[in-house]
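Worksheet: the structure to be examined is printed underneath.
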Amino acid sequence: MADADLDVVIRQLARQLHTGLMTRAKERRDRFNSLAAKAKGKETGERFKMMAKATMEQANAAAKRLQMSADNVADSYARSMRLAASTPVTVKPEKKSKDEKPAKKAAKKAKAKKKT
């Protein structure tokens, strides 16, 4: 995984999150359906069934948004890496640093001390 591109890793993580989200939503739906089956009143049973249906609808919408966001991020990253790879790098000529000038002065002082 160290050699994998980051966009591939983003997509894999999104897939894992999607799977976990849907698993939890199905567990919750099943719980509501079991409560609906155990309910003593018809209205209560219908309410639990509606809650089970709403849970799956909300989970599907959240999973879709999660997948869409992950795809957008992965595509954006891949596009920026392609752009960075295709952009030529210009090398600026090096300027003389300020450190070289004091070094010359120090060399002159050292010569002057040797003469004396």
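Identifiers in the structure tokens: chain A, B, ... in order shown; residue index from 1 per chain; ligand index from 1 in order shown.
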Please, which residues in stretch 24-43 of chain A fall within 12 Å of stretch 53-76 of chain A when counting only C-alpha atoms, and what is the closest atom pair and distance in Å to one decimal for each, ordered by chain then residue number, as a Markdown table?
```
| residue | atom | partner | partner_atom | distance |
| --- | --- | --- | --- | --- |
| A:Arg24 | CA | A:Ala59 | CA | 9.0 |
| A:Ala25 | CA | A:Ala59 | CA | 6.2 |
| A:Lys26 | CA | A:Met56 | CA | 7.2 |
| A:Glu27 | CA | A:Met56 | CA | 10.1 |
| A:Arg28 | CA | A:Thr55 | CA | 7.5 |
| A:Arg29 | CA | A:Thr55 | CA | 6.4 |
| A:Asp30 | CA | A:Lys53 | CA | 10.2 |
| A:Arg31 | CA | A:Thr55 | CA | 10.8 |
| A:Phe32 | CA | A:Lys53 | CA | 9.1 |
| A:Asn33 | CA | A:Lys53 | CA | 9.2 |
| A:Ala36 | CA | A:Lys53 | CA | 11.8 |
```
Output file for the residues above (C-alpha atoms, as a compact mmCIF listing (two decimals), in the first residue's frame):
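Output saved as part.txt:
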```
# COMPACT_ATOMS: atom_id res chain seq x y z
CA ARG A 24 -25.19 -0.76 10.59
CA ALA A 25 -28.25 0.59 8.78
CA LYS A 26 -29.45 -2.93 7.97
CA GLU A 27 -28.97 -3.98 11.60
CA ARG A 28 -31.04 -1.01 12.73
CA ARG A 29 -33.71 -1.71 10.10
CA ASP A 30 -33.94 -5.33 11.27
CA ARG A 31 -34.26 -4.16 14.87
CA PHE A 32 -37.15 -1.85 13.96
CA ASN A 33 -38.83 -4.62 11.96
CA ALA A 36 -42.85 -3.92 14.65
```
Name all residues at most 12 Å from A:Tyr77 (count only C-alpha atoms; drop same-chain ones fewer than 3 positions away) and give them as a PyMOL selection string.
chain A and resi 5-11+70-74+80-84
Once you have the residues from the selection above, write them out as a compact mmCIF listing (two decimals), in the first residue's frame, restricted to all heavy atoms.
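Written out: out.txt:
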```txt
# COMPACT_ATOMS: atom_id res chain seq x y z
N ASP A 5 -1.18 4.94 -5.17
CA ASP A 5 -1.50 6.36 -5.28
C ASP A 5 -2.53 6.71 -4.23
O ASP A 5 -3.36 5.88 -3.83
CB ASP A 5 -2.05 6.67 -6.67
CG ASP A 5 -0.97 6.63 -7.74
OD1 ASP A 5 0.19 6.87 -7.39
OD2 ASP A 5 -1.30 6.34 -8.90
N LEU A 6 -2.50 7.93 -3.81
CA LEU A 6 -3.40 8.37 -2.75
C LEU A 6 -4.86 8.34 -3.20
O LEU A 6 -5.75 8.07 -2.39
CB LEU A 6 -3.00 9.77 -2.29
CG LEU A 6 -3.61 10.27 -1.00
CD1 LEU A 6 -3.34 9.30 0.14
CD2 LEU A 6 -3.08 11.63 -0.65
N ASP A 7 -5.12 8.57 -4.47
CA ASP A 7 -6.51 8.54 -4.93
C ASP A 7 -7.10 7.14 -4.81
O ASP A 7 -8.28 6.98 -4.49
CB ASP A 7 -6.65 9.10 -6.34
CG ASP A 7 -5.88 8.32 -7.37
OD1 ASP A 7 -4.80 7.78 -7.04
OD2 ASP A 7 -6.32 8.26 -8.53
N VAL A 8 -6.29 6.11 -5.03
CA VAL A 8 -6.76 4.74 -4.89
C VAL A 8 -7.05 4.45 -3.42
O VAL A 8 -8.06 3.82 -3.08
CB VAL A 8 -5.70 3.75 -5.44
CG1 VAL A 8 -6.11 2.31 -5.17
CG2 VAL A 8 -5.49 3.98 -6.93
N VAL A 9 -6.21 4.93 -2.54
CA VAL A 9 -6.41 4.74 -1.10
C VAL A 9 -7.69 5.44 -0.64
O VAL A 9 -8.46 4.88 0.15
CB VAL A 9 -5.19 5.26 -0.31
CG1 VAL A 9 -5.44 5.21 1.18
CG2 VAL A 9 -3.94 4.47 -0.67
N ILE A 10 -7.94 6.63 -1.15
CA ILE A 10 -9.16 7.37 -0.80
C ILE A 10 -10.39 6.57 -1.19
O ILE A 10 -11.34 6.43 -0.43
CB ILE A 10 -9.17 8.76 -1.46
CG1 ILE A 10 -8.08 9.64 -0.85
CG2 ILE A 10 -10.53 9.41 -1.32
CD1 ILE A 10 -7.82 10.91 -1.61
N ARG A 11 -10.37 6.01 -2.39
CA ARG A 11 -11.51 5.22 -2.86
C ARG A 11 -11.70 3.95 -2.02
O ARG A 11 -12.83 3.55 -1.73
CB ARG A 11 -11.34 4.87 -4.33
CG ARG A 11 -11.46 6.07 -5.24
CD ARG A 11 -11.23 5.68 -6.69
NE ARG A 11 -10.83 6.80 -7.51
CZ ARG A 11 -11.64 7.70 -8.03
NH1 ARG A 11 -12.92 7.62 -7.81
NH2 ARG A 11 -11.17 8.67 -8.78
N ALA A 70 -15.99 11.24 -1.77
CA ALA A 70 -14.72 10.52 -1.91
C ALA A 70 -14.27 10.50 -3.37
O ALA A 70 -13.07 10.68 -3.66
CB ALA A 70 -14.86 9.09 -1.39
N ASP A 71 -15.19 10.31 -4.29
CA ASP A 71 -14.84 10.33 -5.71
C ASP A 71 -14.32 11.70 -6.13
O ASP A 71 -13.34 11.80 -6.86
CB ASP A 71 -16.04 9.94 -6.58
CG ASP A 71 -16.34 8.46 -6.52
OD1 ASP A 71 -15.44 7.68 -6.14
OD2 ASP A 71 -17.48 8.07 -6.86
N ASN A 72 -14.98 12.75 -5.65
CA ASN A 72 -14.54 14.11 -5.98
C ASN A 72 -13.14 14.38 -5.46
O ASN A 72 -12.29 14.95 -6.15
CB ASN A 72 -15.51 15.14 -5.43
CG ASN A 72 -16.81 15.18 -6.20
OD1 ASN A 72 -16.90 14.69 -7.32
ND2 ASN A 72 -17.83 15.74 -5.59
N VAL A 73 -12.88 13.97 -4.22
CA VAL A 73 -11.56 14.20 -3.62
C VAL A 73 -10.50 13.40 -4.37
O VAL A 73 -9.42 13.91 -4.68
CB VAL A 73 -11.58 13.83 -2.12
CG1 VAL A 73 -10.18 13.80 -1.54
CG2 VAL A 73 -12.43 14.82 -1.35
N ALA A 74 -10.79 12.14 -4.66
CA ALA A 74 -9.82 11.29 -5.36
C ALA A 74 -9.53 11.82 -6.76
O ALA A 74 -8.38 11.86 -7.20
CB ALA A 74 -10.33 9.86 -5.43
N SER A 80 -4.57 16.95 -9.83
CA SER A 80 -3.50 17.85 -9.40
C SER A 80 -2.13 17.18 -9.53
O SER A 80 -1.15 17.84 -9.86
CB SER A 80 -3.73 18.31 -7.96
OG SER A 80 -3.63 17.23 -7.07
N MET A 81 -2.05 15.88 -9.30
CA MET A 81 -0.78 15.18 -9.46
C MET A 81 -0.37 15.11 -10.93
O MET A 81 0.81 15.26 -11.27
CB MET A 81 -0.85 13.76 -8.88
CG MET A 81 -0.88 13.73 -7.37
SD MET A 81 0.61 14.41 -6.65
CE MET A 81 0.04 15.96 -6.00
N ARG A 82 -1.35 14.89 -11.82
CA ARG A 82 -1.04 14.90 -13.26
C ARG A 82 -0.56 16.28 -13.70
O ARG A 82 0.38 16.41 -14.47
CB ARG A 82 -2.27 14.49 -14.07
CG ARG A 82 -2.52 13.02 -14.14
CD ARG A 82 -3.54 12.65 -15.21
NE ARG A 82 -4.79 13.38 -15.09
CZ ARG A 82 -5.83 13.01 -14.37
NH1 ARG A 82 -5.78 11.90 -13.66
NH2 ARG A 82 -6.93 13.72 -14.34
N LEU A 83 -1.21 17.31 -13.20
CA LEU A 83 -0.83 18.68 -13.53
C LEU A 83 0.57 18.99 -13.02
O LEU A 83 1.39 19.58 -13.73
CB LEU A 83 -1.84 19.67 -12.96
CG LEU A 83 -1.59 21.15 -13.25
CD1 LEU A 83 -1.72 21.40 -14.75
CD2 LEU A 83 -2.56 22.00 -12.49
N ALA A 84 0.85 18.58 -11.80
CA ALA A 84 2.17 18.83 -11.22
C ALA A 84 3.26 18.07 -11.98
O ALA A 84 4.37 18.58 -12.17
CB ALA A 84 2.19 18.43 -9.75
```
